[in-house]
Structures are given as structure tokens and as C-alpha cells.
Amino acid sequence: MAKRIDVSGLSAFYGGTKAIEDISMTVEPRSVTAFIGPSGCGKSTFLRTLNRMHEVIPGARVEGKVMLDDENLYGSNVDPVAVRRSVGMVFQRPNPFPTMSIYDNVVAGLKLAGVKKKSVLDGVVEKSLQGANLWNEVKDRLNKPGAGLSGGQQQRLCIARAIAVEPQVLLMDEPCSALDPISTLAIEDLIGELKSQYTIVIVTHNMQQAARVSDRTAFFNLAGVGQPGKLIELDDTQRIFSNPSVQATEDYISGRFG
Amino acid sequence: MSATTTAPAAPLLRGDLTSGRLPRWAPIGVAVLSIALGCAIGAGAGLASHIQWGLIAAGLFLALSYALAVKVEGRRQAKDRFATSVIWVAFILAVVPLGALTFYTVQQGIGAINGDFLTHSMKGVVASTTAGGGIYHAIIGTLEQVALATLMAAPIGLLTAVYLVEYGRGRLAQAVTFFVDVMTGVPSIVAGLFVFSLWTMLKQGYSGFSGSVALAILMIPVVVRSAEEMLKLVPNELREASYALGVPKWKTIVRIVIPTAIGGITTGVMLAVARITGETAPVLMLVFGSDVINNDPFNDPQQSLPLYIWQQYTVVNNEYGYARAWGAALVLIAFVMGLNLVARGIARWRSPKAGH
């Protein structure tokens, strides 16, 4: 069910400000693609254009094409709600729904879409929590509030919630930046397992993390403050980290700037 | 010879790490001393008003705590003590009238309250010459009018708040916000006059419902404002998390945003209810008042508690009337207080839990 993403000529705006300019790239199915680059270069903005979350912000708009296999996400009669069902997202800060139990958090997407059958939901809860490596820790307290878990557990709960609706692509916006090293390791292991089923795109500030988890890495940069961010280079992770073809990439990776 | 060869100037900030400390009981001691002195000065100067005694004591308390702290602890700590003392005095000044009001109402009203008083109307009671009679009809009236007003105002107010927070952009939202602010300041008598003229045009008579409409007009801006603040407190991350699961916006609002804020929204509605429960002017104008039980809020005059109090005080205007007025006032205060407790309970029960 994993799908390929093909982006061509994509620019995104906040009101009159151009945040990213003319990005074209391909994200391979069943692989992990990492986005790296200095703050403000538009990694997260670009990620959010991939499931039409960008336009949720008032005044934000997008130009260009994002093809999910052979469908243009920005086609004229495409429903953004349907897009988000096939392209899931995990955010920087864990954000379980505070009014819901662990169980309800996991099936929130299904329940709110009208799935009511208890046996189906029970199965999804176990499968998703297993998939997120959280089942053993919470199976005895599924009815406790999700907000009572630790930060790392909450983030895995959010991943379980995202995969419970069985998306084709999973976007992760710095999923480990609010977590300690042990929780980070757990999430990274999880990403490694999930890529057998999903197309995963992950934004990260941690270059070791990009090197550890991703198959391909994209480096974004901006020419200066107030300038739109651009895609500098996209290549196999190994190549990016050992022998990048653009000087700026090498400078960034070796810590000479950013 | 030059300045550079003289000993270095004393540091700008003094380096002492220790200073005198007042004992823990010092503030209380100063307070007791000030009260004693205040009473002594008041009595000595022959001031009749005890409020003046209290104000003298408060002034003394501020001055004494500052002076004592300057002497023992130094200037910076004295300022801290002074600010703390001002806060305490302000707190007591704010609480004294509240406590006195509650105490006096209970003291005056408790004697009037008994089973008969709560279960009978004023039907057949010659109010000005005999004791007896009750407030049953007024309780019924207040409950029905307030319930109807809440049924009208709470949904309108909540939906307006949802519009302002989730959808409102540009001119229309600004205009709505502006008019809600203006409505907050509308005097209750004006709301009453508005509904009165409307009802006259529609050729309708007095009824509890017309009063509810006026009360709803007073209630809506309060509900909008409090619900708006509560909805704004819901983190945007929750909305985005919901959108990212492919949940449509309206469902996100109904199932995620409102449930997260429901505790605060309920509290806001209850406070608005408490505010309109005590309204007299529009009720006088539109509900008119009655001595008999009228369970039908849509036809004929009804009674209500604040109106009953006013009538017993001004129309009956003797000891029997005063006793009934105090009794009704106590019931009214108890009702409002009960509502607030219920609101707090709901807020605690419904609010998101950390839970371990």
C-alpha cells in the first residue's frame, strides 16, 4: 500500500511570503527519506504540503504538483480530508487528545470517520500499538488517559494513532526532538520496522539520526534571511554523508555552518 | 595623586550575604498590634464608624510593617514586606463586604425560611398586615425564566464563539466581536425595553418567556466571551493532529475542540446564569410579577425571586415584607452559590485529566 510521491515545481507561501521555491523530488515507496537543513529553510513547510496540512494556516497557499502515484494531491476536485487519510502525520511535540483514553486515542481517526464495530476497533488498537512498540507497556491500562504516559510513550501513541488509519505515507516532523535518547532510539527502531510497509518522510535536525534511519536524504537551504528555502540536493544517504556533490551540503554536514 | 592610584571605590552592589530577619510571626504580630492600636485610636478619638477604625488599623499595619522591616532587614526586604502587606490589605478589603453581605443575609433571612415559605405562594395572603405566604411561585418563575434564557443563550453564544475562534476572519468577525463587546455593556433595563417594545408590536402580554428573551440578550455576550477564551486555549496541535488523521473540520470542532474546552465553557455558562438570575429590571417590565403560582412561562405574568424581593421591600414595605424579602434573598444567594458549585464540579469532572 505504500505509494511513491512525485513533487514537481512546488512553491509554498504564507500570505505574501514565499517560504519554499520550486521544489521537485521523488520519494520512493517503502523507504525512509530524511529532510535536513538549517532552521527556517522550509523543511517542515514542505513536509506539510505533502498532505495538504500547509493550507490549514490562514493565508497559506501552494503552487505546483504533488503526485501520489498517479493522483495529483492539488488537483481541482481533490478533497484535502481524503488526502490526509492516505498521508498521515506525526508532529514534533506528542499531542494525544487529552479528553480521550489510550484506546480512544488510537482509534480516534477511525471512530471519527464512523467506524463503530467494537471487534474491529479492538483489533486495530492491538495491531497499531504493537506496530508502534507500545502494546506491552499499555495493554493493561488502555482506558487510562493518554496524557498520563511519558513523553516517549505519548509520541509512540501518536504514531500508533497515525498508522491506525492505514495511510500510504507517513510524514514525521522532527518526531524525536522533544524526547530523551532512549525514547529516540525506540522511535528510530520503530521507523526501521515501519518502512517495510509505509513510505516514510522524516524531518530532523539531528544529522546522526538522518544517517541512522534514512535511505535517502534531502538537503534544504536558503540563500539568506527572508529568502525562500530550496532543495539543494537529494541522494542516497550514504552518498550525502560521505561524498555530497554540492559544496553547501558538505559544509552543512561537516558543521561549517548552520 | 590621580584618581587611579586611590583605593578602588566601594562596589556598586553591596556584598553582605547576611542581614537581619524578622521572625515568622512578625506579620501577624504587627497585624494584631495595628488592630489593637486602630481600635484604641478610634475609641479614643470618639469615631462612631467602625469602618474608620478598620481603615486606621489597615494604614497602621502598612506603615508599621514597612518601618519595622527597614529597621531590621533593610530597604529591599522592606519593600517586599510592604508589597505583601498591601496585597493582604486589598484582599481583606475585598473579602470583608462579601463576608458581611453573606453573613447579614443569612442572619436576617434564616428566620423566614421554613417549609411553608418554600412551598406556598402569596395567594390569599394580605401581605401588608400578616406574616406568612411564601416564595414557591417566585422559585418556579425564576427557574423557568432562567432555564428558558439559558436554552436560548447558551447555544447561540457557543456557536458564535465557535465561529469567532474557528472560522471568523476579516470584517464580519471584527464586527461580531465589536457588537458582542457593546452588548456586554447594555444595561439590563435597555434589554428589557427592547423586548417590551417588540412584544408590544407583536401585541403580546406579560409572560415569563418575554423576560427570558431579555435575560438571554444579557447572557449571550457573557457566554460568547467566556466560551471564546476557552476555545482559544485549546492547543492548535490538537486541531492539526485531528486534521492529519483525515477528520473534517466540523467533526474536529465537535469531537475534539469542544470536549477539550467543555469544562471551561460550562463554568462560563453557569457564571452567566448566575449573573442573570439576579436581574430585576427586565423581569419587572416584562414578567410583571404575580402573587399566585403560574407554571406556564408562555402566558400571563409570573413571579421571580429578585422581583419578589423588590416588591416585598418597596410595595409591602413593613416588617412582614422585609422578613419575606430577606428570606427570598437568602434563597436567591443559595441558588446562585449552588450553581457555582455545580459549575466547579462539572469543570473538574469534565476537564482533561493527567491521570496516572
# chains A, B, ... in the order shown; residues from 1 in each chain; ligands from 1

call {"tool": "residues_around", "arguments": {"residues": "Phe13 (chain A)", "least_positions_apart": "6", "cutoff": "10 Å", "atoms": "only C-alpha atoms", "output": "mmCIF file with C-alpha atoms, in the first residue's frame"}}
result
data_model
loop_
_atom_site.group_PDB
_atom_site.id
_atom_site.type_symbol
_atom_site.label_atom_id
_atom_site.label_comp_id
_atom_site.auth_asym_id
_atom_site.auth_seq_id
_atom_site.Cartn_x
_atom_site.Cartn_y
_atom_site.Cartn_z
ATOM 1 C CA ALA A 19 8.599 30.019 2.105
ATOM 2 C CA ILE A 20 9.880 27.402 -0.346
ATOM 3 C CA GLU A 21 10.567 27.730 -4.038
ATOM 4 C CA THR A 45 6.634 23.652 5.375
ATOM 5 C CA HIS A 54 0.039 23.666 4.914
ATOM 6 C CA GLU A 55 -3.189 25.293 3.826
ATOM 7 C CA GLY A 59 -3.340 32.833 4.254
ATOM 8 C CA ALA A 60 -1.134 29.870 3.309
ATOM 9 C CA ARG A 61 -1.183 28.538 -0.248
ATOM 10 C CA VAL A 62 0.709 26.199 -2.535
ATOM 11 C CA GLU A 63 1.679 26.214 -6.223
ATOM 12 C CA PRO A 228 12.656 31.153 0.207
#

call {"tool": "select_by_dssp", "arguments": {"residues": "region 72-232 of chain A", "states": "strand (DSSP E)", "output": "PyMOL selection string"}}
result
chain A and resi 72+87-90+169-173+199-203+216-222+229-232

call {"tool": "write_last_selection", "arguments": {"atoms": "C-alpha atoms", "output": "PDB file, in the first residue's frame"}}
result
ATOM      1  CA  ASN A  72      -2.283  14.994  -8.091  1.00  0.00           C
ATOM      2  CA  VAL A  87      -0.940  10.616   4.071  1.00  0.00           C
ATOM      3  CA  GLY A  88      -0.625  10.514   7.860  1.00  0.00           C
ATOM      4  CA  MET A  89       1.462  12.783  10.011  1.00  0.00           C
ATOM      5  CA  VAL A  90       3.347  12.688  13.310  1.00  0.00           C
ATOM      6  CA  VAL A 169       2.603   7.582   3.512  1.00  0.00           C
ATOM      7  CA  LEU A 170       3.762   8.625   6.964  1.00  0.00           C
ATOM      8  CA  LEU A 171       5.182  12.105   7.454  1.00  0.00           C
ATOM      9  CA  MET A 172       7.189  12.809  10.603  1.00  0.00           C
ATOM     10  CA  ASP A 173       8.067  16.352  11.590  1.00  0.00           C
ATOM     11  CA  THR A 199       6.616   5.424   2.626  1.00  0.00           C
ATOM     12  CA  ILE A 200       8.206   7.483   5.366  1.00  0.00           C
ATOM     13  CA  VAL A 201       9.401  11.061   5.211  1.00  0.00           C
ATOM     14  CA  ILE A 202      11.130  12.434   8.297  1.00  0.00           C
ATOM     15  CA  VAL A 203      12.295  15.960   9.071  1.00  0.00           C
ATOM     16  CA  ARG A 216      17.769   8.816   1.091  1.00  0.00           C
ATOM     17  CA  THR A 217      18.486  12.312   2.382  1.00  0.00           C
ATOM     18  CA  ALA A 218      17.419  15.672   1.045  1.00  0.00           C
ATOM     19  CA  PHE A 219      19.334  18.790   1.991  1.00  0.00           C
ATOM     20  CA  PHE A 220      17.443  22.097   2.026  1.00  0.00           C
ATOM     21  CA  ASN A 221      18.969  25.511   2.354  1.00  0.00           C
ATOM     22  CA  LEU A 222      18.074  29.157   1.998  1.00  0.00           C
ATOM     23  CA  GLY A 229      14.122  27.745   1.028  1.00  0.00           C
ATOM     24  CA  LYS A 230      15.243  25.473  -1.784  1.00  0.00           C
ATOM     25  CA  LEU A 231      16.122  21.840  -2.267  1.00  0.00           C
ATOM     26  CA  ILE A 232      19.864  21.682  -2.715  1.00  0.00           C
TER      27      ILE A 232
END

call {"tool": "residues_around", "arguments": {"residues": "Asn236 (chain B)", "least_positions_apart": "4", "cutoff": "10 Å", "atoms": "only C-alpha atoms", "output": "list in words"}}
result
Asn95 of chain A; Lys232, Glu240, Ala241, Ser242 and Val257 of chain B

call {"tool": "write_last_selection", "arguments": {"atoms": "C-alpha atoms", "output": "compact mmCIF listing (two decimals), in the first residue's frame"}}
result
# COMPACT_ATOMS: atom_id res chain seq x y z
CA ASN A 95 -0.16 15.60 21.00
CA LYS B 232 -8.69 29.76 22.20
CA GLU B 240 -3.76 19.67 13.47
CA ALA B 241 -3.46 16.17 14.91
CA SER B 242 -7.12 15.65 14.11
CA VAL B 257 -12.06 21.07 20.35

call {"tool": "interface_residues", "arguments": {"of": "chain B", "to": "chain A", "cutoff": "12 Å", "atoms": "only C-alpha atoms", "output": "MDAnalysis selection string"}}
result
chainID B and resid 166:170 234:263 349:356

call {"tool": "atom_distance", "arguments": {"atom1": "CA of Leu50 (chain A)", "atom2": "CA of Glu193 (chain A)"}}
result
22.1 Å
